[in-house]
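J.: Enclosed is the structure file my_file_18.cif (mmCIF, C-alpha atoms (C1' of nucleotides)).
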```cif
data_final
#
loop_
_atom_site.group_PDB
_atom_site.id
_atom_site.type_symbol
_atom_site.label_atom_id
_atom_site.label_comp_id
_atom_site.auth_asym_id
_atom_site.auth_seq_id
_atom_site.Cartn_x
_atom_site.Cartn_y
_atom_site.Cartn_z
ATOM 1 C CA MET A 1 49.173 90.354 17.064
ATOM 2 C CA LYS A 2 51.106 91.349 20.166
ATOM 3 C CA LEU A 3 54.308 89.953 21.655
ATOM 4 C CA ALA A 4 55.610 90.907 25.084
ATOM 5 C CA THR A 5 58.466 90.228 27.470
ATOM 6 C CA TRP A 6 58.611 90.651 31.235
ATOM 7 C CA ASN A 7 61.237 89.710 33.800
ATOM 8 C CA ILE A 8 58.983 88.983 36.762
ATOM 9 C CA ASN A 9 61.657 88.176 39.407
ATOM 10 C CA SER A 10 59.881 85.161 40.979
ATOM 11 C CA LEU A 11 56.695 83.821 39.437
ATOM 12 C CA THR A 12 55.686 82.532 42.867
ATOM 13 C CA VAL A 13 55.426 86.097 44.132
ATOM 14 C CA ARG A 14 54.266 87.704 40.893
ATOM 15 C CA LEU A 15 51.701 85.232 39.462
ATOM 16 C CA PRO A 16 48.736 87.407 40.551
ATOM 17 C CA GLN A 17 50.347 90.409 38.863
ATOM 18 C CA VAL A 18 50.988 88.424 35.688
ATOM 19 C CA LEU A 19 47.350 87.289 35.592
ATOM 20 C CA ASP A 20 46.139 90.853 36.238
ATOM 21 C CA TRP A 21 48.384 92.212 33.527
ATOM 22 C CA LEU A 22 47.255 89.590 31.000
ATOM 23 C CA ALA A 23 43.613 90.344 31.797
ATOM 24 C CA THR A 24 44.096 93.965 30.722
ATOM 25 C CA ASN A 25 46.815 93.231 28.140
ATOM 26 C CA PRO A 26 45.683 90.068 26.354
ATOM 27 C CA VAL A 27 48.858 89.694 24.286
ATOM 28 C CA ASP A 28 49.306 86.678 22.015
ATOM 29 C CA VAL A 29 52.729 85.794 23.402
ATOM 30 C CA LEU A 30 54.346 86.659 26.727
ATOM 31 C CA CYS A 31 57.948 85.719 27.440
ATOM 32 C CA LEU A 32 58.812 85.521 31.134
ATOM 33 C CA GLN A 33 62.239 85.501 32.763
ATOM 34 C CA GLU A 34 63.494 84.849 36.282
ATOM 35 C CA LEU A 35 60.744 82.396 37.197
ATOM 36 C CA LYS A 36 62.873 81.253 40.147
ATOM 37 C CA LEU A 37 60.944 77.998 40.346
ATOM 38 C CA SER A 38 61.290 74.446 39.070
ATOM 39 C CA ASP A 39 59.047 73.038 36.342
ATOM 40 C CA ASP A 40 56.954 71.091 38.853
ATOM 41 C CA LYS A 41 56.058 74.341 40.633
ATOM 42 C CA PHE A 42 55.030 76.157 37.454
ATOM 43 C CA PRO A 43 51.381 77.367 37.648
ATOM 44 C CA ARG A 44 50.392 75.773 34.364
ATOM 45 C CA ASP A 45 46.718 75.374 35.258
ATOM 46 C CA ALA A 46 46.168 78.983 36.338
ATOM 47 C CA LEU A 47 47.717 80.199 33.076
ATOM 48 C CA GLN A 48 45.724 77.679 31.044
ATOM 49 C CA GLN A 49 42.555 79.044 32.658
ATOM 50 C CA ALA A 50 43.672 82.517 31.614
ATOM 51 C CA GLY A 51 43.873 81.236 28.046
ATOM 52 C CA TYR A 52 47.570 80.500 27.643
ATOM 53 C CA HIS A 53 49.646 77.491 26.688
ATOM 54 C CA SER A 54 53.012 77.329 28.446
ATOM 55 C CA ALA A 55 56.467 76.203 27.367
ATOM 56 C CA VAL A 56 58.601 76.126 30.505
ATOM 57 C CA PHE A 57 62.288 75.804 31.325
ATOM 58 C CA GLY A 58 62.390 76.341 35.061
ATOM 59 C CA GLN A 59 65.091 76.381 37.703
ATOM 60 C CA LYS A 60 64.899 76.511 41.453
ATOM 61 C CA THR A 61 65.990 79.814 43.107
ATOM 62 C CA TYR A 62 67.651 81.375 40.061
ATOM 63 C CA ASN A 63 66.893 81.964 36.377
ATOM 64 C CA GLY A 64 64.065 80.067 34.669
ATOM 65 C CA VAL A 65 62.199 81.146 31.520
ATOM 66 C CA ALA A 66 58.810 80.445 29.967
ATOM 67 C CA ILE A 67 56.809 81.305 26.875
ATOM 68 C CA LEU A 68 53.057 81.811 27.217
ATOM 69 C CA SER A 69 51.046 81.652 23.998
ATOM 70 C CA ARG A 70 47.369 81.865 23.109
ATOM 71 C CA THR A 71 47.961 79.287 20.383
ATOM 72 C CA PRO A 72 49.808 75.977 20.778
ATOM 73 C CA MET A 73 53.594 75.898 20.477
ATOM 74 C CA ARG A 74 55.776 73.305 18.798
ATOM 75 C CA ASP A 75 59.456 72.458 18.391
ATOM 76 C CA VAL A 76 60.338 73.695 21.863
ATOM 77 C CA VAL A 77 64.095 73.925 22.458
ATOM 78 C CA THR A 78 65.659 74.788 25.815
ATOM 79 C CA ASN A 79 68.976 76.530 26.339
ATOM 80 C CA ILE A 80 71.541 77.018 23.569
ATOM 81 C CA PRO A 81 72.121 73.687 21.784
ATOM 82 C CA GLY A 82 75.771 72.674 22.034
ATOM 83 C CA PHE A 83 76.511 75.131 24.834
ATOM 84 C CA ALA A 84 76.737 73.323 28.168
ATOM 85 C CA ASP A 85 75.005 75.487 30.757
ATOM 86 C CA GLU A 86 73.835 74.740 34.298
ATOM 87 C CA GLN A 87 71.504 77.738 34.174
ATOM 88 C CA SER A 88 68.039 77.845 32.573
ATOM 89 C CA ARG A 89 68.242 80.937 30.405
ATOM 90 C CA VAL A 90 66.785 80.276 26.954
ATOM 91 C CA ILE A 91 63.638 78.699 25.561
ATOM 92 C CA ALA A 92 62.472 78.786 21.952
ATOM 93 C CA ALA A 93 59.219 77.699 20.346
ATOM 94 C CA THR A 94 57.352 78.014 17.065
ATOM 95 C CA ILE A 95 53.843 79.378 16.736
ATOM 96 C CA ASP A 96 51.757 79.200 13.580
ATOM 97 C CA THR A 97 50.384 82.516 12.381
ATOM 98 C CA ALA A 98 48.384 83.690 9.361
ATOM 99 C CA ALA A 99 51.707 84.746 7.831
ATOM 100 C CA GLY A 100 53.348 81.373 8.491
ATOM 101 C CA PRO A 101 55.499 79.931 11.266
ATOM 102 C CA MET A 102 57.067 82.402 13.689
ATOM 103 C CA ARG A 103 59.973 81.444 15.901
ATOM 104 C CA ILE A 104 59.944 82.940 19.399
ATOM 105 C CA VAL A 105 63.268 82.969 21.269
ATOM 106 C CA ASN A 106 63.089 83.990 24.919
ATOM 107 C CA GLY A 107 66.355 84.803 26.689
ATOM 108 C CA TYR A 108 67.416 85.709 30.178
ATOM 109 C CA PHE A 109 70.881 87.033 29.373
ATOM 110 C CA VAL A 110 73.701 86.658 31.881
ATOM 111 C CA ASN A 111 74.128 89.572 34.302
ATOM 112 C CA GLY A 112 77.926 89.469 34.430
ATOM 113 C CA GLN A 113 78.365 91.219 37.783
ATOM 114 C CA GLU A 114 81.535 93.162 36.979
ATOM 115 C CA PRO A 115 83.940 93.455 34.030
ATOM 116 C CA GLY A 116 86.937 91.216 34.665
ATOM 117 C CA SER A 117 85.036 88.805 36.902
ATOM 118 C CA GLU A 118 84.483 85.106 36.197
ATOM 119 C CA LYS A 119 80.790 85.892 35.749
ATOM 120 C CA PHE A 120 81.633 88.485 33.122
ATOM 121 C CA ALA A 121 83.747 85.915 31.268
ATOM 122 C CA TYR A 122 80.742 83.551 31.377
ATOM 123 C CA LYS A 123 78.557 86.343 30.004
ATOM 124 C CA MET A 124 80.927 86.790 27.052
ATOM 125 C CA ARG A 125 80.999 83.038 26.324
ATOM 126 C CA TRP A 126 77.226 82.890 26.604
ATOM 127 C CA LEU A 127 76.748 85.834 24.230
ATOM 128 C CA GLU A 128 79.118 84.226 21.721
ATOM 129 C CA ALA A 129 77.133 80.978 21.847
ATOM 130 C CA LEU A 130 73.833 82.812 21.550
ATOM 131 C CA HIS A 131 75.088 84.617 18.458
ATOM 132 C CA ALA A 132 75.916 81.347 16.693
ATOM 133 C CA TYR A 133 72.574 79.855 17.758
ATOM 134 C CA LEU A 134 70.619 82.848 16.471
ATOM 135 C CA ARG A 135 72.387 82.689 13.112
ATOM 136 C CA ALA A 136 71.200 79.105 12.710
ATOM 137 C CA GLU A 137 67.684 79.857 13.953
ATOM 138 C CA LEU A 138 67.318 82.785 11.556
ATOM 139 C CA SER A 139 68.251 80.655 8.575
ATOM 140 C CA ALA A 140 65.681 78.049 9.616
ATOM 141 C CA TYR A 141 62.998 80.576 10.622
ATOM 142 C CA PRO A 142 63.007 83.887 8.703
ATOM 143 C CA GLN A 143 60.140 85.121 10.869
ATOM 144 C CA LEU A 144 61.861 85.296 14.240
ATOM 145 C CA ALA A 145 61.510 87.451 17.346
ATOM 146 C CA LEU A 146 64.080 87.507 20.137
ATOM 147 C CA LEU A 147 62.609 88.755 23.382
ATOM 148 C CA GLY A 148 64.003 89.004 26.855
ATOM 149 C CA ASP A 149 66.089 90.575 29.545
ATOM 150 C CA PHE A 150 69.305 91.345 27.671
ATOM 151 C CA ASN A 151 71.201 92.774 30.652
ATOM 152 C CA VAL A 152 72.913 95.231 28.294
ATOM 153 C CA THR A 153 72.150 98.836 27.412
ATOM 154 C CA ALA A 154 72.306 99.094 23.637
ATOM 155 C CA ASP A 155 73.651 102.650 23.798
ATOM 156 C CA ASP A 156 73.871 105.721 26.014
ATOM 157 C CA ARG A 157 70.208 106.619 25.496
ATOM 158 C CA ASP A 158 69.284 103.457 27.373
ATOM 159 C CA SER A 159 70.882 104.509 30.672
ATOM 160 C CA TRP A 160 69.937 107.170 33.203
ATOM 161 C CA ASP A 161 73.648 107.946 33.778
ATOM 162 C CA PRO A 162 75.706 106.908 30.748
ATOM 163 C CA ASP A 163 78.763 108.934 31.756
ATOM 164 C CA GLY A 164 78.815 108.014 35.437
ATOM 165 C CA LEU A 165 78.282 104.359 34.574
ATOM 166 C CA ARG A 166 80.576 104.201 31.537
ATOM 167 C CA GLU A 167 82.312 100.819 31.199
ATOM 168 C CA THR A 168 80.501 99.440 34.234
ATOM 169 C CA ILE A 169 78.287 96.353 33.951
ATOM 170 C CA HIS A 170 75.525 96.690 31.296
ATOM 171 C CA HIS A 171 77.467 99.605 29.804
ATOM 172 C CA THR A 172 80.764 98.095 28.649
ATOM 173 C CA THR A 173 82.018 98.337 25.077
ATOM 174 C CA GLN A 174 82.378 94.546 25.039
ATOM 175 C CA GLU A 175 78.734 93.954 25.948
ATOM 176 C CA ARG A 176 77.533 96.529 23.434
ATOM 177 C CA GLU A 177 79.644 94.958 20.692
ATOM 178 C CA HIS A 178 77.869 91.663 21.341
ATOM 179 C CA PHE A 179 74.526 93.457 21.135
ATOM 180 C CA GLN A 180 75.536 94.995 17.791
ATOM 181 C CA ALA A 181 76.709 91.606 16.510
ATOM 182 C CA VAL A 182 73.243 90.211 17.213
ATOM 183 C CA LEU A 183 71.661 93.097 15.305
ATOM 184 C CA GLN A 184 74.011 92.446 12.394
ATOM 185 C CA LEU A 185 72.486 88.998 11.982
ATOM 186 C CA GLY A 186 69.424 90.827 10.640
ATOM 187 C CA LEU A 187 67.555 91.731 13.813
ATOM 188 C CA HIS A 188 66.087 95.089 14.773
ATOM 189 C CA ASP A 189 65.368 96.756 18.106
ATOM 190 C CA SER A 190 61.586 97.283 17.853
ATOM 191 C CA PHE A 191 61.702 100.156 20.321
ATOM 192 C CA ARG A 192 63.971 102.241 18.105
ATOM 193 C CA LEU A 193 61.828 101.725 15.017
ATOM 194 C CA PHE A 194 59.586 104.441 16.450
ATOM 195 C CA GLU A 195 59.907 107.861 17.953
ATOM 196 C CA GLN A 196 60.161 107.377 21.710
ATOM 197 C CA ALA A 197 60.175 109.630 24.734
ATOM 198 C CA GLU A 198 63.657 110.258 26.112
ATOM 199 C CA LYS A 199 64.641 108.510 29.331
ATOM 200 C CA THR A 200 62.355 105.546 28.749
ATOM 201 C CA TYR A 201 63.586 102.547 30.715
ATOM 202 C CA SER A 202 62.430 99.010 31.512
ATOM 203 C CA TRP A 203 64.263 98.384 34.817
ATOM 204 C CA TRP A 204 64.775 100.401 37.979
ATOM 205 C CA ASP A 205 66.714 99.384 41.090
ATOM 206 C CA TYR A 206 64.592 98.683 44.155
ATOM 207 C CA ARG A 207 66.894 100.938 46.183
ATOM 208 C CA GLU A 208 67.172 104.688 46.565
ATOM 209 C CA PHE A 209 63.705 105.418 45.128
ATOM 210 C CA ALA A 210 65.182 104.732 41.704
ATOM 211 C CA PHE A 211 61.784 104.350 40.014
ATOM 212 C CA ARG A 212 60.430 107.569 41.486
ATOM 213 C CA ARG A 213 63.562 109.370 40.303
ATOM 214 C CA ASN A 214 63.489 107.524 36.966
ATOM 215 C CA ARG A 215 67.017 106.255 37.468
ATOM 216 C CA GLY A 216 66.622 103.262 35.199
ATOM 217 C CA LEU A 217 68.039 101.246 32.357
ATOM 218 C CA ARG A 218 66.451 99.919 29.189
ATOM 219 C CA ILE A 219 67.716 96.355 29.243
ATOM 220 C CA ASP A 220 64.586 94.483 28.110
ATOM 221 C CA TYR A 221 64.194 94.197 24.354
ATOM 222 C CA VAL A 222 62.103 92.787 21.552
ATOM 223 C CA LEU A 223 64.218 92.207 18.448
ATOM 224 C CA VAL A 224 62.511 91.322 15.184
ATOM 225 C CA SER A 225 63.987 89.758 12.049
ATOM 226 C CA ASP A 226 64.170 91.465 8.653
ATOM 227 C CA ALA A 227 61.050 89.561 7.587
ATOM 228 C CA LEU A 228 59.023 90.740 10.587
ATOM 229 C CA LYS A 229 60.277 94.327 10.688
ATOM 230 C CA PRO A 230 57.850 95.755 8.072
ATOM 231 C CA ARG A 231 54.899 94.459 10.102
ATOM 232 C CA VAL A 232 55.820 96.085 13.420
ATOM 233 C CA THR A 233 53.417 98.936 14.141
ATOM 234 C CA ALA A 234 54.343 99.839 17.736
ATOM 235 C CA CYS A 235 56.685 99.121 20.617
ATOM 236 C CA THR A 236 55.812 100.345 24.088
ATOM 237 C CA ILE A 237 57.154 99.901 27.599
ATOM 238 C CA ASP A 238 54.383 99.561 30.164
ATOM 239 C CA ARG A 239 55.467 101.253 33.392
ATOM 240 C CA ALA A 240 52.191 100.531 35.185
ATOM 241 C CA PRO A 241 53.195 97.227 36.853
ATOM 242 C CA ARG A 242 56.261 98.901 38.392
ATOM 243 C CA LYS A 243 53.780 100.886 40.520
ATOM 244 C CA ASN A 244 52.179 97.736 41.953
ATOM 245 C CA GLU A 245 52.721 96.657 45.515
ATOM 246 C CA ARG A 246 55.650 94.248 45.592
ATOM 247 C CA PRO A 247 56.544 94.980 41.969
ATOM 248 C CA SER A 248 59.127 93.277 39.829
ATOM 249 C CA ASP A 249 62.076 95.595 39.196
ATOM 250 C CA HIS A 250 61.368 95.169 35.433
ATOM 251 C CA THR A 251 58.322 96.235 33.415
ATOM 252 C CA PRO A 252 56.806 94.622 30.311
ATOM 253 C CA VAL A 253 57.827 95.555 26.763
ATOM 254 C CA VAL A 254 55.085 95.081 24.167
ATOM 255 C CA VAL A 255 55.334 94.918 20.380
ATOM 256 C CA GLU A 256 52.405 95.027 17.982
ATOM 257 C CA LEU A 257 52.596 93.359 14.587
ATOM 258 C CA GLN A 258 50.193 93.541 11.674
ATOM 259 C CA ASP A 259 48.496 90.177 11.185
ATOM 260 C "C1'" DA B 1 80.347 102.406 50.131
ATOM 261 C "C1'" DT B 2 81.804 96.364 52.624
ATOM 262 C "C1'" DG B 3 75.605 100.504 51.649
ATOM 263 C "C1'" DA B 4 70.664 100.786 49.902
ATOM 264 C "C1'" DC B 5 66.003 96.646 48.171
ATOM 265 C "C1'" DG B 6 63.984 92.322 47.336
ATOM 266 C "C1'" DG B 7 63.792 87.085 46.431
ATOM 267 C "C1'" DT B 8 65.382 82.564 47.848
ATOM 268 C "C1'" DG B 9 67.145 78.996 50.864
ATOM 269 C "C1'" DT B 10 66.892 75.729 55.540
ATOM 270 C "C1'" DG B 11 67.947 80.800 57.186
ATOM 271 C "C1'" DG B 12 69.004 83.426 62.235
ATOM 272 C "C1'" DC B 13 72.502 85.383 57.543
ATOM 273 C "C1'" DA B 14 74.629 84.695 52.662
ATOM 274 C "C1'" DC B 15 74.140 84.978 47.878
ATOM 275 C "C1'" DC B 16 72.459 87.022 43.787
ATOM 276 C "C1'" DG B 17 70.511 90.423 40.882
ATOM 277 C "C1'" DA B 18 71.458 95.032 37.844
#
```
Since I need it in another form, could you write the structure as structure tokens?
T.:
Amino acid sequence: MKLATWNINSLTVRLPQVLDWLATNPVDVLCLQELKLSDDKFPRDALQQAGYHSAVFGQKTYNGVAILSRTPMRDVVTNIPGFADEQSRVIAATIDTAAGPMRIVNGYFVNGQEPGSEKFAYKMRWLEALHAYLRAELSAYPQLALLGDFNVTADDRDSWDPDGLRETIHHTTQEREHFQAVLQLGLHDSFRLFEQAEKTYSWWDYREFAFRRNRGLRIDYVLVSDALKPRVTACTIDRAPRKNERPSDHTPVVVELQD
DNA sequence: ATGACGGTGTGGCACCGA
């Protein structure tokens, strides 16, 4: 089976691209971030026609996340329980597979703007809350995948300019420590389970021809639990949609698991 | 660099993203 994540930066604009991508990449689960629309505007019918159930946690203008699944989902939870948040950033759901229930957690991590800012402080609080939530989810669901836009580079390999950007947003020691803390819960970065080409990224700025110059960051991840790790056979980043007209600034990350 | 590019809102620009 295949799981994927894609920050689509407005589903209103990108729905045709999502449908195109799913037609050629019929993954079992697709986690979307930055819907930028409210639940009532979510194109549930078009996605149903494409063969997908939807679990949606929308928000007007900003944020908004959804899980698309070929099979029905249950036990849908939105945001981080116990963490008061105005912003729609997390949705979790369970799917039933041949190997038993699998928990899918889809996150649109806080950007954080700049170290020292109020938004950065919010990012740190949010990451702390997510960590506690994931610990609980992992004990309830050994087969768990955390997918999303993490808005952190795990290490220097994940940035086009690690020295020039050292300790700037997405590159700070504090953010990376939070990333490591999540891994220490028993989660694994699928991408690094395999040999990968250097300078592989999942996001490129719209400005300064960043994509053409491959000035990017790898900030979109699929983390798998200890129980799932032995079944992962591939993790790839699909650059093709970044070449579309009116592309999202992110591209999909796809993981393949043995059934 | 107070920039760039792109999406959204009730707009004529400001805010946000990364």
J.: Which polymer residues have any atom within 9 Å of an atom of region 17-24 of chain A, counting only C-alpha atoms (C1' of nucleotides), with same-chain residues fewer than 2 positions away left out, as a list in words?
T.: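 The contact residues come out as Ile8, Leu11, Val13, Arg14, Leu15, Pro26, Val27, Leu30, Ala46, Leu47, Ala50, Pro241, Asn244 and Pro247 of chain A.
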J.: Provide an axis-aligned box for all listed atoms of region 32-35 of chain A, padding each side by 4 Å; report its centre and its edge lengths in Å to one decimal, as lines of an AutoDock Vina configuration file.
T.:
```
center_x = 61.2
center_y = 84.0
center_z = 34.2
size_x = 12.7
size_y = 11.1
size_z = 14.1
```
J.: For DG3 (chain B), find every residue with an atom within 12 Å (counting all atoms listed in the file), except residues of its own chain fewer than 2 positions away, and show them as a PyMOL selection string.
T.: (chain A and resi 207-208) or (chain B and resi 1+5)
J.: Where does chain A meet chain B within 8 Å, residue by residue, with the nearest atom pair and distance in Å to one decimal for each, counting only C-alpha atoms (C1' of nucleotides), listed by chain and rising number, as JSON lines?
T.:
```
{"residue": "A:Asn9", "atom": "CA", "partner": "B:DG7", "partner_atom": "C1'", "distance": 7.4}
{"residue": "A:Ser10", "atom": "CA", "partner": "B:DG7", "partner_atom": "C1'", "distance": 7.0}
{"residue": "A:Thr61", "atom": "CA", "partner": "B:DT8", "partner_atom": "C1'", "distance": 5.5}
{"residue": "A:Asn111", "atom": "CA", "partner": "B:DA18", "partner_atom": "C1'", "distance": 7.0}
{"residue": "A:Gln113", "atom": "CA", "partner": "B:DA18", "partner_atom": "C1'", "distance": 7.9}
{"residue": "A:Asn151", "atom": "CA", "partner": "B:DA18", "partner_atom": "C1'", "distance": 7.5}
{"residue": "A:Ile169", "atom": "CA", "partner": "B:DA18", "partner_atom": "C1'", "distance": 8.0}
{"residue": "A:His170", "atom": "CA", "partner": "B:DA18", "partner_atom": "C1'", "distance": 7.9}
{"residue": "A:Asp205", "atom": "CA", "partner": "B:DA18", "partner_atom": "C1'", "distance": 7.2}
{"residue": "A:Tyr206", "atom": "CA", "partner": "B:DC5", "partner_atom": "C1'", "distance": 4.7}
{"residue": "A:Arg207", "atom": "CA", "partner": "B:DC5", "partner_atom": "C1'", "distance": 4.8}
{"residue": "A:Glu208", "atom": "CA", "partner": "B:DA4", "partner_atom": "C1'", "distance": 6.2}
```
J.: List, as an mmCIF file with C-alpha atoms, keeping the file's coordinate frame, every residue that the PyMOL selection byres ((chain A and resi 40-44) around 8) selects in the file provided.
T.:
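Heads up, here's the output in selection12.cif:
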```
data_model
loop_
_atom_site.group_PDB
_atom_site.id
_atom_site.type_symbol
_atom_site.label_atom_id
_atom_site.label_comp_id
_atom_site.auth_asym_id
_atom_site.auth_seq_id
_atom_site.Cartn_x
_atom_site.Cartn_y
_atom_site.Cartn_z
ATOM 1 C CA LEU A 37 60.944 77.998 40.346
ATOM 2 C CA SER A 38 61.290 74.446 39.070
ATOM 3 C CA ASP A 39 59.047 73.038 36.342
ATOM 4 C CA ASP A 45 46.718 75.374 35.258
ATOM 5 C CA ALA A 46 46.168 78.983 36.338
ATOM 6 C CA LEU A 47 47.717 80.199 33.076
ATOM 7 C CA GLN A 48 45.724 77.679 31.044
ATOM 8 C CA HIS A 53 49.646 77.491 26.688
ATOM 9 C CA SER A 54 53.012 77.329 28.446
ATOM 10 C CA VAL A 56 58.601 76.126 30.505
ATOM 11 C CA GLY A 58 62.390 76.341 35.061
#
```
J.: For a test of reading the model, state the distance in Å between CA of Tyr141 (chain A) and CA of Val76 (chain A), rounded to one decimal.
T.: 13.4 Å
J.: Using the chain letters and numbering of this document, enumerate as a list in words the residues selected by the PyMOL selection byres ((chain A and resi 186) around 10).
T.: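 This file, filtered by the PyMOL selection byres ((chain A and resi 186) around 10), leaves Leu134, Arg135, Leu138, Pro142, Ala181, Val182, Leu183, Gln184, Leu185, Leu187, His188, Leu223, Val224, Ser225, Asp226, Ala227 and Lys229 of chain A.
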J.: Tell me, in Å to one decimal, how far CA of Gly64 (chain A) is from CA of Tyr122 (chain A).
T.: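 A separation of 17.4 Å between them.
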J.: Using the chain letters and residue numbers of this document, give as a VMD selection string the residues selected by the PyMOL selection byres ((chain A and resi 145) around 9).
T.: chain A and resid 3 102 to 106 143 to 144 146 to 147 187 222 to 225 228
J.: CA of Leu257 (chain A) to CA of Ile67 (chain A): how many Å, to one decimal?
T.: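 CA of Ile67 (chain A) lies 17.7 Å from CA of Leu257 (chain A).
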J.: Which of these residues is nearest to Arg70 (chain A), using all atoms listed in the file: A:Ser159, A:Thr97, A:Gln180, A:Ser248?
T.: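 Using all atoms listed in the file, the shortest distance to Arg70 (chain A) belongs to A:Thr97.
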J.: For Glu114 (chain A), which of A:Thr5, A:Thr172, A:Gln258, A:Asn214 is the closest residue, counting all atoms listed in the file?
T.: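 The closest residue to Glu114 (chain A) is A:Thr172.
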J.: Which residues are close to Asp156 (chain A), i.e. within 10 Å by all atoms listed in the file, leaving aside same-chain residues fewer than 2 positions away? Reply as a PDB file with C-alpha atoms, in the coordinates of the input.
T.:
```
ATOM      1  CA  THR A 153      72.150  98.836  27.412  1.00  0.00           C
ATOM      2  CA  ALA A 154      72.306  99.094  23.637  1.00  0.00           C
ATOM      3  CA  ASP A 158      69.284 103.457  27.373  1.00  0.00           C
ATOM      4  CA  SER A 159      70.882 104.509  30.672  1.00  0.00           C
ATOM      5  CA  TRP A 160      69.937 107.170  33.203  1.00  0.00           C
ATOM      6  CA  ASP A 161      73.648 107.946  33.778  1.00  0.00           C
ATOM      7  CA  PRO A 162      75.706 106.908  30.748  1.00  0.00           C
ATOM      8  CA  ASP A 163      78.763 108.934  31.756  1.00  0.00           C
ATOM      9  CA  LEU A 165      78.282 104.359  34.574  1.00  0.00           C
ATOM     10  CA  ARG A 166      80.576 104.201  31.537  1.00  0.00           C
ATOM     11  CA  HIS A 171      77.467  99.605  29.804  1.00  0.00           C
ATOM     12  CA  LEU A 217      68.039 101.246  32.357  1.00  0.00           C
ATOM     13  CA  ARG A 218      66.451  99.919  29.189  1.00  0.00           C
TER      14      ARG A 218
END
```
J.: Which is closest to Trp126 (chain A) among A:Ile80, A:Leu35, A:Ala197, A:Val253, if we use all atoms listed in the file?
T.: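 Closest to Trp126 (chain A), using all atoms listed in the file: A:Ile80.
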